[in-house]
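Participant: If you scroll down you'll find the structure; I have some questions about it.
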Amino acid sequence: MSIQTLRETAGGNPLTVEEAWAFVQHVESLFMPWNIDALVDGFTEDCVVRFGTLPEFRGRETLRAFFTGRSAKQKGYRLSKQLRTVMDDTITNVWHGTWEDAETGVAMKGVGIEVWVMRDGKIAIWEAAF
């Protein structure tokens, strides 16, 4: 598989289905293996995260702690994301993940949906439900 640079767009945000698909696939690749620095860099400094039942949190450093905690608990994490929509500054995707719970050894799986509101080519708001 070749790596392609995302084309420059107005404000840096993906505007077409092809650009949004490439962005979603790029984000997916950063989870296998976990590339926390690159994941965090894909968010704005003032990002807002609403993830499942967790209390809303903000900012890259809190996001880094979140990803660090998850990566420690999810051994052998495998993730698949599929683009669902792109409209203006918003991208939605569905995801399927499997992993082994690092503490118990139990095989786990999850399915969810994400909404990303983009700003300057980065995720400014991340809402996720599963």
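Residues are referred to by chain and number: the chain letter is A, B, ... according to the order shown in the structure tokens, the number counts from 1 in that chain, and ligands are numbered separately from 1 in the order shown.
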Residues within 8 Å of stretch 102-104 of chain A, please, as a list in words. Count only C-alpha atoms; anything in the same chain fewer than 6 positions from it doesn't count.
Facilitator: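 Close residues of stretch 102-104 of chain A: Ala72, Lys73, Gln74 and Lys75 of chain A.
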Participant: Under the rule that only C-alpha atoms are counted, which of A:Ile123, A:Gly52, A:Val86, A:Gly42 is the nearest residue to A:Glu19?
Facilitator: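 Ranking A:Ile123, A:Gly52, A:Val86, A:Gly42 by distance to A:Glu19, first place goes to A:Val86.
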Participant: Looking at only C-alpha atoms, which of A:Leu79, A:Asp101, A:His26, A:Ile125 is the one that sits closest to A:Phe57?
Facilitator: A:Ile125
Participant: Kindly provide the residues of stretch 87-118 of chain A that approach stretch 30-39 of chain A to within 12 Å, each paired with its closest atom pair and their distance in Å to one decimal, based on only C-alpha atoms, listed by chain and increasing number, as CSV.
Facilitator:
```
residue,atom,partner,partner_atom,distance
A:Trp95,CA,A:Phe31,CA,11.9
A:Gly97,CA,A:Phe31,CA,10.2
A:Thr98,CA,A:Met32,CA,11.4
A:Trp99,CA,A:Met32,CA,11.1
```
Participant: Would you pick out the contacts of A:Arg60 at 10 Å or less, using only C-alpha atoms, so that residues sharing its chain but fewer than 5 positions from it are not included, and give the list as a list of chain:residue names?
Facilitator: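 Answer for this query is A:Leu39, A:Val40, A:Asp41, A:Gly42, A:Phe43, A:Thr44, A:Glu45, A:Asp46, A:Cys47, A:Val48, A:Val49, A:Ala65, A:Phe66.
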Participant: Store the residues picked out above in a file with N, CA and C atoms, as a compact mmCIF listing (two decimals), in the first residue's frame.
Facilitator:
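This is the output file selection_34.txt:
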```txt
# COMPACT_ATOMS: atom_id res chain seq x y z
N LEU A 39 -1.29 10.72 16.95
CA LEU A 39 -2.72 10.86 17.22
C LEU A 39 -3.02 12.22 17.85
N VAL A 40 -2.28 12.55 18.89
CA VAL A 40 -2.50 13.82 19.59
C VAL A 40 -2.25 15.00 18.66
N ASP A 41 -1.24 14.89 17.82
CA ASP A 41 -0.92 15.98 16.88
C ASP A 41 -2.05 16.22 15.88
N GLY A 42 -2.92 15.22 15.68
CA GLY A 42 -4.04 15.37 14.76
C GLY A 42 -5.23 16.11 15.34
N PHE A 43 -5.09 16.59 16.57
CA PHE A 43 -6.15 17.35 17.24
C PHE A 43 -5.69 18.79 17.46
N THR A 44 -6.64 19.71 17.53
CA THR A 44 -6.32 21.09 17.85
C THR A 44 -5.90 21.19 19.32
N GLU A 45 -5.14 22.22 19.65
CA GLU A 45 -4.69 22.43 21.03
C GLU A 45 -5.87 22.49 22.00
N ASP A 46 -6.98 23.09 21.55
CA ASP A 46 -8.14 23.28 22.42
C ASP A 46 -9.26 22.26 22.15
N CYS A 47 -8.88 21.08 21.68
CA CYS A 47 -9.87 20.07 21.31
C CYS A 47 -10.83 19.76 22.46
N VAL A 48 -12.04 19.35 22.06
CA VAL A 48 -13.08 18.93 23.00
C VAL A 48 -13.39 17.47 22.69
N VAL A 49 -13.39 16.63 23.73
CA VAL A 49 -13.63 15.20 23.54
C VAL A 49 -14.83 14.78 24.38
N ALA A 65 -3.13 11.67 27.86
CA ALA A 65 -3.31 10.78 29.01
C ALA A 65 -4.40 9.74 28.72
N PHE A 66 -5.46 10.15 28.04
CA PHE A 66 -6.53 9.23 27.67
C PHE A 66 -6.00 8.12 26.76
```
Participant: What parts of chain A does DSSP call strand (DSSP E)? I'd like the answer as a VMD selection string.
Facilitator: chain A and resid 43 to 51 57 to 58 74 to 87 90 to 101 107 to 119 122 to 129
Participant: Ranking A:Ser71, A:Gln82, A:Val94, A:Trp116 by minimum distance to A:Gln25 and counting only C-alpha atoms, which one comes first?
Facilitator: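 Distance minimum relative to A:Gln25 lands on A:Gln82.
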Participant: Please run DSSP on the backbone and report, as number ranges by chain, all residues within stretch 21-76 of chain A that come out as alpha helix (DSSP H).
Facilitator: A: 21-29, 36-41, 60-73
Participant: Store the residues picked out above in a file with N, CA, C and O atoms, as a compact mmCIF listing (two decimals), in the first residue's frame.
Facilitator:
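Result file is part_2.txt:
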```txt
# COMPACT_ATOMS: atom_id res chain seq x y z
N TRP A 21 -12.06 10.02 3.19
CA TRP A 21 -11.72 8.60 3.31
C TRP A 21 -10.24 8.44 3.64
O TRP A 21 -9.88 7.66 4.53
N ALA A 22 -9.38 9.18 2.94
CA ALA A 22 -7.94 9.11 3.20
C ALA A 22 -7.62 9.56 4.63
O ALA A 22 -6.77 8.95 5.30
N PHE A 23 -8.29 10.59 5.11
CA PHE A 23 -8.06 11.07 6.47
C PHE A 23 -8.47 10.01 7.50
O PHE A 23 -7.72 9.72 8.44
N VAL A 24 -9.64 9.40 7.32
CA VAL A 24 -10.12 8.36 8.23
C VAL A 24 -9.15 7.18 8.23
O VAL A 24 -8.80 6.65 9.29
N GLN A 25 -8.68 6.77 7.06
CA GLN A 25 -7.74 5.65 6.97
C GLN A 25 -6.41 6.00 7.64
O GLN A 25 -5.80 5.15 8.29
N HIS A 26 -5.99 7.25 7.50
CA HIS A 26 -4.75 7.68 8.16
C HIS A 26 -4.91 7.59 9.69
O HIS A 26 -4.02 7.06 10.37
N VAL A 27 -6.01 8.09 10.20
CA VAL A 27 -6.24 8.01 11.65
C VAL A 27 -6.27 6.56 12.09
O VAL A 27 -5.64 6.19 13.09
N GLU A 28 -6.97 5.70 11.35
CA GLU A 28 -7.01 4.28 11.68
C GLU A 28 -5.59 3.71 11.80
O GLU A 28 -5.30 2.98 12.75
N SER A 29 -4.72 4.06 10.89
CA SER A 29 -3.36 3.50 10.89
C SER A 29 -2.56 3.90 12.13
O SER A 29 -1.64 3.18 12.52
N ILE A 36 0.81 7.47 19.71
CA ILE A 36 0.12 8.48 20.52
C ILE A 36 0.54 9.89 20.13
O ILE A 36 -0.30 10.78 20.04
N ASP A 37 1.83 10.11 19.85
CA ASP A 37 2.27 11.45 19.45
C ASP A 37 1.56 11.92 18.19
O ASP A 37 1.06 13.05 18.13
N ALA A 38 1.49 11.05 17.18
CA ALA A 38 0.82 11.43 15.93
C ALA A 38 -0.69 11.58 16.12
O ALA A 38 -1.30 12.48 15.53
N LEU A 39 -1.29 10.72 16.95
CA LEU A 39 -2.72 10.86 17.22
C LEU A 39 -3.02 12.22 17.85
O LEU A 39 -3.90 12.95 17.39
N VAL A 40 -2.28 12.55 18.89
CA VAL A 40 -2.50 13.82 19.59
C VAL A 40 -2.25 15.00 18.66
O VAL A 40 -2.98 16.00 18.69
N ASP A 41 -1.24 14.89 17.82
CA ASP A 41 -0.92 15.98 16.88
C ASP A 41 -2.05 16.22 15.88
O ASP A 41 -2.16 17.30 15.32
N ARG A 60 -4.98 18.85 24.45
CA ARG A 60 -4.11 17.77 24.00
C ARG A 60 -3.47 16.97 25.14
O ARG A 60 -3.29 15.77 25.00
N GLU A 61 -3.11 17.60 26.23
CA GLU A 61 -2.44 16.85 27.30
C GLU A 61 -3.40 15.87 27.95
O GLU A 61 -3.02 14.74 28.27
N THR A 62 -4.64 16.26 28.13
CA THR A 62 -5.65 15.34 28.68
C THR A 62 -5.91 14.23 27.67
O THR A 62 -6.06 13.06 28.05
N LEU A 63 -5.95 14.58 26.39
CA LEU A 63 -6.13 13.58 25.33
C LEU A 63 -4.97 12.59 25.33
O LEU A 63 -5.18 11.38 25.21
N ARG A 64 -3.75 13.08 25.48
CA ARG A 64 -2.57 12.20 25.54
C ARG A 64 -2.71 11.20 26.70
O ARG A 64 -2.45 10.01 26.54
N ALA A 65 -3.13 11.67 27.86
CA ALA A 65 -3.31 10.78 29.01
C ALA A 65 -4.40 9.74 28.72
O ALA A 65 -4.26 8.56 29.09
N PHE A 66 -5.46 10.15 28.04
CA PHE A 66 -6.53 9.23 27.67
C PHE A 66 -6.00 8.12 26.76
O PHE A 66 -6.22 6.94 27.00
N PHE A 67 -5.29 8.51 25.68
CA PHE A 67 -4.74 7.52 24.76
C PHE A 67 -3.71 6.62 25.44
O PHE A 67 -3.66 5.42 25.19
N THR A 68 -2.89 7.18 26.31
CA THR A 68 -1.89 6.39 27.02
C THR A 68 -2.56 5.34 27.90
O THR A 68 -2.15 4.17 27.91
N GLY A 69 -3.61 5.72 28.60
CA GLY A 69 -4.35 4.79 29.44
C GLY A 69 -5.02 3.69 28.63
O GLY A 69 -4.95 2.50 28.99
N ARG A 70 -5.65 4.07 27.54
CA ARG A 70 -6.32 3.07 26.69
C ARG A 70 -5.32 2.10 26.09
O ARG A 70 -5.56 0.89 26.05
N SER A 71 -4.20 2.62 25.61
CA SER A 71 -3.23 1.75 24.95
C SER A 71 -2.65 0.72 25.92
O SER A 71 -2.34 -0.41 25.54
N ALA A 72 -2.53 1.08 27.19
CA ALA A 72 -2.02 0.16 28.20
C ALA A 72 -3.01 -0.96 28.51
O ALA A 72 -2.61 -2.05 28.92
N LYS A 73 -4.29 -0.69 28.30
CA LYS A 73 -5.33 -1.67 28.62
C LYS A 73 -5.72 -2.55 27.44
O LYS A 73 -6.35 -3.58 27.63
```
